[in-house]
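Undergrad: Dumping the structure here so I can ask a few things about it.
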Amino acid sequence: MSLQREIIERLGVQPTIDVDAEIRKRVDFLKSYVLKSNAAGLLIAISGGIDSAVTTGLCKQATDELSAETGKEYITLGVFQPYGEQADISDSYATADAFKLTHRVETNIGEAVDEITLEVEHSMKAIGINRHLSRGGKGNIKARTRMVMQYALAFDLNLLVVGTDHASEAITGFYTKWGDGAVDITPLSTLNKRQVRQLAAKLGVPQSVLDKAPTAGLWEGQTDENELGISYEDNSSYLEGKQIDPAVAAKLEKQYLRTEHKRSPIPGI
């Protein structure tokens with residue numbers, strides 16, 4: 001079996017999808033897990049990007065249906081998590097408005113991230129390293145701090161933290177792993193980026209969100225495609241079993257093999 005076929009089967013990506021059926025399947029998946037977990041609903045961090053927007057739409061439909069079916073209120077809590085001033089935070093709020101989220105909070109991570117960064121830099125001096133934390137290192141603190149705040153809310157409100165990870169991120173290891181704080185459930189996991197966009201169009205994601213370049217928001221100007229050097233078009237085509245430029249395919253496979261630790265269970269002995 002080729003590595004491409006092995007990856008596709010492992011991540012569960014289909015070459016084509018029925019959008020309506022995929023939405024129904026994923027909403028039902030969320031509903032079932034909420035009931036099984038005895039949770040009061042779902043929490044989704046809305047970054048302003050397409051993945052969190054699609055996930056928000058699925059979550060809101062799931063909790064609305066549960067409320068109607070059981071007579072008990074289930075909520076979707078939308079969380080906005082800027083670092084200081086976020087230039088595109090209006091897209092986060094536009095997503096919440098599009099899906100009529102009545103429960104929403106903003107947890108600004110700026111001061112917490114800066115304090116943690118300073119403390120880490122101070123600790124490094126004890127081993128003779130006198131420099132600022134790297135850009136990537138501080139980016140990781142941002143990601144982890146966002147998860148700390150999400151779980152603080154989720155714990156006290158009895159909510160499940162929903163992740164936006166999908167197959168196009170899993171293949172490159174560019175997603176929240178266990179060490180980053182993890183999530184409770186990932187309703188997009190067997191879709192590639194192109195298929196996520198298909199669901200977005202059907203669900204009614206705001207156009208401003210659809211038009212944006214994908215980013216994890218780790219630093220100013222950061223985009224997924226520039227950081228990885230692989231376009232989501234090539235990434236999605238590869239996961240649909242199509243032939244792409246051999247050099248790009250090799251780069252994608254190298255990234256997949258290099259990031260295996262992010263997809264594997266925590267090792268023990």
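Please note that chains go A, B, ... in the order of the structure tokens, that every chain numbers its residues from 1, and that ligands are numbered from 1 in the order shown.
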How close does region 29-83 of chain A get to region 108-115 of chain A? List, as CSV, each residue of region 29-83 of chain A within 12 Å, its nearest atom pair and the distance in Å to one decimal, counting only C-alpha atoms.

TA:
residue,atom,partner,partner_atom,distance
A:Val79,CA,A:Asn108,CA,9.9
A:Phe80,CA,A:Asn108,CA,7.7
A:Gln81,CA,A:Asn108,CA,5.2
A:Pro82,CA,A:Asn108,CA,5.1
A:Tyr83,CA,A:Gly110,CA,4.4

Undergrad: DSSP on the backbone, then: every residue of region 87-174 of chain A marked strand (DSSP E or B), written as a list in words.

TA: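 Restricting region 87-174 of chain A to strand (DSSP E or B) produces His103, Arg104, Val105, Glu106, Leu159, Leu160, Val161 and Val162 of chain A.
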
Undergrad: Just N, CA, C and O atoms for this one: save the residues we selected as a compact mmCIF listing (two decimals), in the first residue's frame.

TA:
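Generated file (out.txt):
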# COMPACT_ATOMS: atom_id res chain seq x y z
N HIS A 103 -25.13 32.85 23.70
CA HIS A 103 -24.14 32.70 24.77
C HIS A 103 -22.75 32.93 24.17
O HIS A 103 -22.30 32.15 23.33
N ARG A 104 -22.08 33.99 24.60
CA ARG A 104 -20.76 34.33 24.07
C ARG A 104 -19.97 35.10 25.11
O ARG A 104 -20.53 35.88 25.87
N VAL A 105 -18.66 34.85 25.16
CA VAL A 105 -17.78 35.56 26.09
C VAL A 105 -16.47 35.89 25.38
O VAL A 105 -16.11 35.24 24.40
N GLU A 106 -15.77 36.88 25.89
CA GLU A 106 -14.44 37.22 25.37
C GLU A 106 -13.43 37.09 26.49
O GLU A 106 -13.60 37.66 27.57
N LEU A 159 -19.49 21.99 30.13
CA LEU A 159 -19.53 21.98 28.68
C LEU A 159 -18.40 21.12 28.12
O LEU A 159 -17.38 20.91 28.78
N LEU A 160 -18.57 20.64 26.91
CA LEU A 160 -17.52 19.93 26.20
C LEU A 160 -16.78 20.91 25.29
O LEU A 160 -17.42 21.69 24.58
N VAL A 161 -15.46 20.86 25.32
CA VAL A 161 -14.65 21.73 24.46
C VAL A 161 -14.54 21.08 23.08
O VAL A 161 -14.06 19.94 22.95
N VAL A 162 -14.98 21.80 22.08
CA VAL A 162 -15.02 21.26 20.72
C VAL A 162 -13.82 21.77 19.93
O VAL A 162 -13.53 22.98 19.91

Undergrad: DSSP on the backbone: what in region 93-261 of chain A comes out helix (DSSP H, G or I), as number ranges by chain?

TA: A: 93-98, 110-125, 135-157, 167-170, 178-180, 193-203, 207-210, 224-228, 232-239, 246-258, 260-261

Undergrad: Using only C-alpha atoms, which residues sit within 12 Å of Ala201 (chain A) once same-chain residues fewer than 2 positions away are excluded, as a ChimeraX atom specification?

TA: /A:19-20,23,50-51,53-54,57,194-199,203-207,209-211

Undergrad: Please save N, CA and C atoms of the selected residues as a compact mmCIF listing (two decimals), in the first residue's frame.

TA:
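Just written: selection-v7.txt:
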# COMPACT_ATOMS: atom_id res chain seq x y z
N VAL A 19 -22.76 16.90 1.02
CA VAL A 19 -22.65 17.93 2.05
C VAL A 19 -23.77 17.83 3.08
N ASP A 20 -25.00 17.67 2.62
CA ASP A 20 -26.13 17.58 3.56
C ASP A 20 -25.99 16.38 4.49
N ILE A 23 -23.25 17.08 7.12
CA ILE A 23 -23.72 17.97 8.19
C ILE A 23 -24.59 17.20 9.16
N ILE A 50 -12.42 29.92 9.02
CA ILE A 50 -13.47 29.08 8.46
C ILE A 50 -13.71 27.81 9.28
N ASP A 51 -12.66 27.21 9.84
CA ASP A 51 -12.83 25.96 10.58
C ASP A 51 -13.68 26.16 11.82
N ALA A 53 -15.73 28.59 12.28
CA ALA A 53 -17.07 29.03 11.87
C ALA A 53 -17.95 27.83 11.52
N VAL A 54 -17.41 26.88 10.77
CA VAL A 54 -18.17 25.67 10.44
C VAL A 54 -18.50 24.90 11.71
N GLY A 57 -21.35 26.46 13.55
CA GLY A 57 -22.65 26.14 12.94
C GLY A 57 -23.14 24.76 13.31
N ARG A 194 -10.83 21.47 1.73
CA ARG A 194 -11.79 21.76 0.65
C ARG A 194 -13.20 21.36 1.06
N GLN A 195 -13.33 20.23 1.73
CA GLN A 195 -14.64 19.76 2.16
C GLN A 195 -15.20 20.62 3.29
N VAL A 196 -14.32 21.11 4.17
CA VAL A 196 -14.75 22.05 5.20
C VAL A 196 -15.37 23.28 4.54
N ARG A 197 -14.74 23.74 3.47
CA ARG A 197 -15.27 24.90 2.75
C ARG A 197 -16.64 24.59 2.13
N GLN A 198 -16.83 23.37 1.69
CA GLN A 198 -18.13 22.98 1.14
C GLN A 198 -19.21 23.06 2.22
N LEU A 199 -18.90 22.58 3.41
CA LEU A 199 -19.86 22.68 4.52
C LEU A 199 -20.10 24.14 4.88
N LEU A 203 -23.73 25.93 5.25
CA LEU A 203 -24.17 26.36 6.57
C LEU A 203 -24.43 27.87 6.65
N GLY A 204 -23.84 28.61 5.73
CA GLY A 204 -24.04 30.06 5.75
C GLY A 204 -22.98 30.82 6.52
N VAL A 205 -21.74 30.38 6.42
CA VAL A 205 -20.62 31.09 7.05
C VAL A 205 -20.46 32.45 6.37
N PRO A 206 -20.22 33.52 7.14
CA PRO A 206 -20.09 34.86 6.55
C PRO A 206 -19.02 34.91 5.45
N GLN A 207 -19.27 35.71 4.42
CA GLN A 207 -18.36 35.80 3.29
C GLN A 207 -16.98 36.30 3.71
N VAL A 209 -15.39 35.64 6.29
CA VAL A 209 -14.66 34.50 6.84
C VAL A 209 -14.22 33.56 5.71
N LEU A 210 -15.10 33.34 4.75
CA LEU A 210 -14.77 32.46 3.63
C LEU A 210 -13.58 32.99 2.83
N ASP A 211 -13.43 34.30 2.79
CA ASP A 211 -12.40 34.92 1.96
C ASP A 211 -11.03 34.99 2.63

Undergrad: Would you mind telling me which residue in A:Ser237, A:Ser47, A:Asn130, A:Gln14 lies nearest to Ala87 (chain A) when using only C-alpha atoms?

TA: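 Of the candidates, the smallest distance to Ala87 (chain A) is held by A:Ser47.
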
Undergrad: How far is it from CA of Gln61 (chain A) to CA of Asn192 (chain A), in Å with one decimal?

TA: 21.3 Å

Undergrad: Find the distance between CA of Leu43 (chain A) and CA of Asn158 (chain A) and write it in Å to one decimal.

TA: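 According to the coordinates, CA of Leu43 (chain A) and CA of Asn158 (chain A) are separated by 9.5 Å.
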
Undergrad: Just how far from CA of Ser189 (chain A) is CA of Ala247 (chain A), in Å to one decimal?

TA: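 CA of Ala247 (chain A) sits 25.9 Å away from CA of Ser189 (chain A).
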